[in-house]
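Everything below belongs to final-v1.cif, which stores mmCIF, C-alpha atoms, pLDDT in the B column; chains and numbers go by the auth columns.
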```
data_model
#
loop_
_atom_site.group_PDB
_atom_site.id
_atom_site.type_symbol
_atom_site.label_atom_id
_atom_site.label_comp_id
_atom_site.label_asym_id
_atom_site.label_seq_id
_atom_site.Cartn_x
_atom_site.Cartn_y
_atom_site.Cartn_z
_atom_site.B_iso_or_equiv
_atom_site.auth_seq_id
_atom_site.auth_asym_id
ATOM 1 C CA MET A 1 0.652 4.636 18.947 54.00 1 W
ATOM 2 C CA GLN A 2 -1.021 6.618 21.687 55.00 2 W
ATOM 3 C CA THR A 3 -2.775 4.990 24.608 56.00 3 W
ATOM 4 C CA PRO A 4 -6.312 6.168 25.427 51.00 4 W
ATOM 5 C CA ASP A 5 -4.890 8.330 28.244 55.00 5 W
ATOM 6 C CA GLU A 6 -2.582 10.094 25.753 63.00 6 W
ATOM 7 C CA VAL A 7 -5.259 10.898 23.159 64.00 7 W
ATOM 8 C CA PRO A 8 -6.532 14.471 23.431 66.00 8 W
ATOM 9 C CA ALA A 9 -10.116 14.843 24.607 67.00 9 W
ATOM 10 C CA SER A 10 -12.611 15.023 21.751 67.00 10 W
ATOM 11 C CA SER A 11 -13.324 18.592 22.833 64.00 11 W
ATOM 12 C CA SER A 12 -9.715 19.523 22.049 80.00 12 W
ATOM 13 C CA ARG A 13 -9.077 21.905 19.145 85.00 13 W
ATOM 14 C CA MET A 14 -6.999 19.175 17.524 86.00 14 W
ATOM 15 C CA TRP A 15 -10.221 17.334 16.666 86.00 15 W
ATOM 16 C CA GLU A 16 -11.101 20.318 14.470 86.00 16 W
ATOM 17 C CA LEU A 17 -7.954 19.890 12.346 92.00 17 W
ATOM 18 C CA PRO A 18 -8.369 17.531 9.392 92.00 18 W
ATOM 19 C CA SER A 19 -4.585 17.152 9.191 93.00 19 W
ATOM 20 C CA TRP A 20 -4.468 15.811 12.748 91.00 20 W
ATOM 21 C CA LEU A 21 -7.446 13.535 12.129 93.00 21 W
ATOM 22 C CA LEU A 22 -5.855 12.150 8.955 94.00 22 W
ATOM 23 C CA THR A 23 -2.554 11.540 10.719 94.00 23 W
ATOM 24 C CA GLN A 24 -4.193 9.735 13.620 93.00 24 W
ATOM 25 C CA THR A 25 -6.372 7.630 11.324 95.00 25 W
ATOM 26 C CA ALA A 26 -3.410 6.832 9.068 96.00 26 W
ATOM 27 C CA THR A 27 -1.502 5.570 12.104 96.00 27 W
ATOM 28 C CA HIS A 28 -4.322 3.158 12.928 96.00 28 W
ATOM 29 C CA ALA A 29 -4.700 2.140 9.284 97.00 29 W
ATOM 30 C CA GLY A 30 -0.975 1.440 8.999 96.00 30 W
ATOM 31 C CA ARG A 31 -1.038 -0.703 12.123 97.00 31 W
ATOM 32 C CA LEU A 32 -4.045 -2.692 10.920 97.00 32 W
ATOM 33 C CA VAL A 33 -2.481 -3.278 7.505 97.00 33 W
ATOM 34 C CA SER A 34 0.910 -4.260 8.944 97.00 34 W
ATOM 35 C CA GLU A 35 -0.605 -6.652 11.464 97.00 35 W
ATOM 36 C CA GLY A 36 -3.068 -8.113 8.960 97.00 36 W
ATOM 37 C CA LEU A 37 -0.504 -8.711 6.232 97.00 37 W
ATOM 38 C CA ALA A 38 1.949 -10.156 8.767 97.00 38 W
ATOM 39 C CA THR A 39 -0.505 -13.020 9.320 97.00 39 W
ATOM 40 C CA LEU A 40 0.267 -13.970 5.693 97.00 40 W
ATOM 41 C CA ASP A 41 4.016 -13.396 6.160 95.00 41 W
ATOM 42 C CA ALA A 42 3.745 -10.330 3.949 97.00 42 W
ATOM 43 C CA ARG A 43 4.287 -6.582 3.977 95.00 43 W
ATOM 44 C CA GLY A 44 2.585 -3.691 2.206 94.00 44 W
ATOM 45 C CA TYR A 45 5.427 -3.512 -0.322 96.00 45 W
ATOM 46 C CA HIS A 46 4.683 -7.113 -1.310 97.00 46 W
ATOM 47 C CA PHE A 47 1.142 -6.137 -2.252 97.00 47 W
ATOM 48 C CA ARG A 48 2.291 -3.040 -4.144 95.00 48 W
ATOM 49 C CA VAL A 49 4.907 -4.921 -6.173 97.00 49 W
ATOM 50 C CA LEU A 50 2.695 -7.918 -6.970 97.00 50 W
ATOM 51 C CA THR A 51 -0.242 -5.692 -7.917 97.00 51 W
ATOM 52 C CA THR A 52 1.924 -3.521 -10.150 96.00 52 W
ATOM 53 C CA LEU A 53 3.370 -6.563 -11.911 97.00 53 W
ATOM 54 C CA GLU A 54 -0.030 -8.157 -12.431 97.00 54 W
ATOM 55 C CA GLU A 55 -1.660 -4.955 -13.679 97.00 55 W
ATOM 56 C CA LEU A 56 1.177 -3.558 -15.813 96.00 56 W
ATOM 57 C CA GLY A 57 3.258 -6.617 -16.662 95.00 57 W
ATOM 58 C CA PRO A 58 6.966 -7.405 -16.324 96.00 58 W
ATOM 59 C CA ALA A 59 9.249 -4.472 -15.646 95.00 59 W
ATOM 60 C CA SER A 60 12.799 -3.524 -14.805 92.00 60 W
ATOM 61 C CA GLN A 61 13.413 -2.863 -11.134 91.00 61 W
ATOM 62 C CA ALA A 62 13.628 0.899 -11.728 90.00 62 W
ATOM 63 C CA THR A 63 10.373 0.955 -13.704 93.00 63 W
ATOM 64 C CA LEU A 64 8.670 -1.249 -11.126 94.00 64 W
ATOM 65 C CA GLY A 65 9.726 1.111 -8.343 92.00 65 W
ATOM 66 C CA ARG A 66 8.342 4.146 -10.180 92.00 66 W
ATOM 67 C CA ARG A 67 5.092 2.396 -11.100 92.00 67 W
ATOM 68 C CA GLY A 68 4.503 1.052 -7.600 90.00 68 W
ATOM 69 C CA GLY A 69 5.788 4.068 -5.704 89.00 69 W
ATOM 70 C CA VAL A 70 8.476 2.036 -3.914 92.00 70 W
ATOM 71 C CA HIS A 71 11.906 3.587 -3.312 92.00 71 W
ATOM 72 C CA LEU A 72 14.716 1.599 -4.932 89.00 72 W
ATOM 73 C CA SER A 73 16.372 0.830 -1.584 89.00 73 W
ATOM 74 C CA ASP A 74 13.128 -0.774 -0.331 94.00 74 W
ATOM 75 C CA LEU A 75 12.373 -2.352 -3.690 95.00 75 W
ATOM 76 C CA VAL A 76 15.528 -4.481 -3.876 93.00 76 W
ATOM 77 C CA ALA A 77 14.831 -6.064 -0.476 95.00 77 W
ATOM 78 C CA THR A 78 11.171 -6.589 -1.412 96.00 78 W
ATOM 79 C CA ILE A 79 12.020 -8.270 -4.711 96.00 79 W
ATOM 80 C CA ASN A 80 14.556 -10.473 -2.919 96.00 80 W
ATOM 81 C CA GLU A 81 11.888 -11.561 -0.411 97.00 81 W
ATOM 82 C CA LEU A 82 9.323 -12.221 -3.159 98.00 82 W
ATOM 83 C CA ALA A 83 11.841 -14.113 -5.303 98.00 83 W
ATOM 84 C CA GLU A 84 12.904 -16.314 -2.353 97.00 84 W
ATOM 85 C CA ARG A 85 9.252 -17.302 -1.901 98.00 85 W
ATOM 86 C CA GLY A 86 8.746 -17.977 -5.610 98.00 86 W
ATOM 87 C CA TYR A 87 6.312 -15.082 -6.121 98.00 87 W
ATOM 88 C CA VAL A 88 8.429 -13.272 -8.716 98.00 88 W
ATOM 89 C CA GLU A 89 11.206 -14.170 -11.103 97.00 89 W
ATOM 90 C CA ARG A 90 14.135 -12.023 -12.179 95.00 90 W
ATOM 91 C CA ALA A 91 15.779 -12.478 -15.556 93.00 91 W
ATOM 92 C CA PRO A 92 18.242 -10.416 -17.575 91.00 92 W
ATOM 93 C CA ASP A 93 16.530 -7.864 -19.823 87.00 93 W
ATOM 94 C CA PRO A 94 17.007 -9.046 -23.428 86.00 94 W
ATOM 95 C CA GLU A 95 17.350 -5.399 -24.523 85.00 95 W
ATOM 96 C CA ASP A 96 19.899 -4.481 -21.847 85.00 96 W
ATOM 97 C CA ARG A 97 21.657 -7.349 -20.076 84.00 97 W
ATOM 98 C CA ARG A 98 22.741 -4.985 -17.269 85.00 98 W
ATOM 99 C CA ARG A 99 19.130 -4.762 -16.090 89.00 99 W
ATOM 100 C CA ASN A 100 16.832 -7.375 -14.623 90.00 100 W
ATOM 101 C CA VAL A 101 13.206 -7.758 -15.628 95.00 101 W
ATOM 102 C CA VAL A 102 10.867 -8.839 -12.827 97.00 102 W
ATOM 103 C CA THR A 103 7.828 -11.002 -13.600 97.00 103 W
ATOM 104 C CA ILE A 104 5.041 -12.269 -11.341 98.00 104 W
ATOM 105 C CA THR A 105 4.700 -16.073 -11.127 98.00 105 W
ATOM 106 C CA ALA A 106 1.588 -18.230 -10.734 98.00 106 W
ATOM 107 C CA ALA A 107 2.449 -18.558 -7.025 98.00 107 W
ATOM 108 C CA GLY A 108 2.732 -14.768 -6.882 98.00 108 W
ATOM 109 C CA ARG A 109 -0.751 -14.404 -8.350 98.00 109 W
ATOM 110 C CA ARG A 110 -2.128 -16.821 -5.745 98.00 110 W
ATOM 111 C CA GLN A 111 -0.400 -14.842 -2.974 98.00 111 W
ATOM 112 C CA LEU A 112 -1.811 -11.627 -4.403 98.00 112 W
ATOM 113 C CA ARG A 113 -5.355 -13.098 -4.168 98.00 113 W
ATOM 114 C CA ARG A 114 -4.714 -13.957 -0.496 98.00 114 W
ATOM 115 C CA LEU A 115 -3.397 -10.444 0.169 98.00 115 W
ATOM 116 C CA GLU A 116 -6.419 -8.879 -1.545 98.00 116 W
ATOM 117 C CA LYS A 117 -8.826 -10.920 0.595 98.00 117 W
ATOM 118 C CA GLN A 118 -6.969 -9.926 3.740 98.00 118 W
ATOM 119 C CA LEU A 119 -6.973 -6.264 2.721 98.00 119 W
ATOM 120 C CA VAL A 120 -10.758 -6.391 2.235 97.00 120 W
ATOM 121 C CA ARG A 121 -11.085 -7.642 5.833 97.00 121 W
ATOM 122 C CA ILE A 122 -8.727 -4.909 7.017 97.00 122 W
ATOM 123 C CA GLN A 123 -10.712 -2.206 5.195 97.00 123 W
ATOM 124 C CA ASP A 124 -13.886 -3.524 6.828 97.00 124 W
ATOM 125 C CA GLU A 125 -12.282 -3.271 10.259 97.00 125 W
ATOM 126 C CA LEU A 126 -10.836 0.184 9.611 97.00 126 W
ATOM 127 C CA LEU A 127 -14.063 1.611 8.199 97.00 127 W
ATOM 128 C CA ALA A 128 -16.464 -0.281 10.476 97.00 128 W
ATOM 129 C CA PRO A 129 -18.303 2.818 11.754 97.00 129 W
ATOM 130 C CA LEU A 130 -19.111 3.992 8.208 97.00 130 W
ATOM 131 C CA SER A 131 -21.996 2.871 6.009 97.00 131 W
ATOM 132 C CA PRO A 132 -21.193 1.572 2.501 96.00 132 W
ATOM 133 C CA GLN A 133 -22.222 4.957 1.054 98.00 133 W
ATOM 134 C CA GLU A 134 -20.024 6.820 3.554 98.00 134 W
ATOM 135 C CA ARG A 135 -17.097 4.519 2.719 97.00 135 W
ATOM 136 C CA ASP A 136 -17.456 5.321 -0.968 97.00 136 W
ATOM 137 C CA GLU A 137 -17.712 9.035 -0.296 98.00 137 W
ATOM 138 C CA PHE A 138 -14.729 8.933 2.076 97.00 138 W
ATOM 139 C CA ALA A 139 -12.612 7.107 -0.525 96.00 139 W
ATOM 140 C CA GLN A 140 -13.621 9.636 -3.189 97.00 140 W
ATOM 141 C CA LEU A 141 -12.648 12.555 -0.968 97.00 141 W
ATOM 142 C CA LEU A 142 -9.315 10.989 -0.042 95.00 142 W
ATOM 143 C CA THR A 143 -8.634 10.263 -3.716 96.00 143 W
ATOM 144 C CA ARG A 144 -9.315 13.886 -4.615 96.00 144 W
ATOM 145 C CA LEU A 145 -7.001 15.125 -1.860 94.00 145 W
ATOM 146 C CA LEU A 146 -4.224 12.728 -2.798 93.00 146 W
ATOM 147 C CA ARG A 147 -4.418 13.521 -6.525 93.00 147 W
ATOM 148 C CA HIS A 148 -4.339 17.237 -5.775 94.00 148 W
ATOM 149 C CA HIS A 149 -1.202 16.939 -3.675 91.00 149 W
ATOM 150 C CA MET A 150 0.476 14.517 -6.069 88.00 150 W
ATOM 151 C CA ARG A 151 -0.010 17.023 -8.906 87.00 151 W
ATOM 152 C CA ARG A 152 1.473 19.775 -6.777 82.00 152 W
ATOM 153 C CA VAL A 153 4.523 17.665 -5.948 75.00 153 W
ATOM 154 C CA ARG A 154 5.078 16.713 -9.600 74.00 154 W
ATOM 155 C CA GLY A 155 4.959 20.366 -10.543 64.00 155 W
#
```
What would you get if you wrote out this structure as structure tokens?
Amino acid sequence: MQTPDEVPASSSRMWELPSWLLTQTATHAGRLVSEGLATLDARGYHFRVLTTLEELGPASQATLGRRGGVHLSDLVATINELAERGYVERAPDPEDRRRNVVTITAAGRRQLRRLEKQLVRIQDELLAPLSPQERDEFAQLLTRLLRHHMRRVRG
């Protein structure tokens, strides 16, 4: 992350580039999320996996990775961490014993509630200069941008 002396002056042309502004803001958002979740001994992948399991139900590791947008190499480590803490359980898939099905536990649901509360605090810190209406509008605009680019990537 840049120190105040390394940040271009607000009169710089970079401040006119939405791509630069998004990148800089995303860096701060990532730091806030990482630091905030670390206070609960968690990572962003923990939230994504637990949320996906709670919303969409048990899934194979491959399906869980696709649903939650977590690469398989990161997913295995994340599931291992969550299983060690009792937040998820792995069991052989009755339809294909070569696969594991991952399920959220009651402890995992409680951890998810703690993560959600922490993420609300983090969003408040990140978006502090914006009014509630501006926050909603900002989220809508970001959603539109992200959906547009996700469609383009998917073809």
Long-range neighbours of Gly30 (chain W) as a VMD selection string, 10 Å cut-off, all atoms listed in the file, 5 positions minimum in chain: chain W and resid 25 35 to 36 44 126
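Selection by the PyMOL selection byres ((chain W and resi 69) around 12) on the present file picks out Gly44, Tyr45, Phe47, Arg48, Val49, Thr51, Thr52, Gln61, Ala62, Thr63, Leu64, Gly65, Arg66, Arg67, Gly68, Val70, His71, Leu72, Ser73, Asp74, Leu75 and Met150 of chain W.
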Gap from CA of Glu81 (chain W) to CA of Glu125 (chain W) - Å, one decimal: 27.7 Å
The PyMOL selection byres ((chain W and resi 116) around 12) applied to the shown file, residues as a VMD selection string: chain W and resid 33 36 to 37 40 42 44 46 to 48 50 to 51 109 to 115 117 to 123
Take every atom of region 23-42 of chain W listed in the file, fit an axis-aligned box around them, add 5 Å per side, and give the centre and edge lengths in Å to one decimal as AutoDock Vina command-line options.
```
--center_x -1.2 --center_y -1.2 --center_z 8.8 --size_x 20.4 --size_y 35.5 --size_z 19.7
```
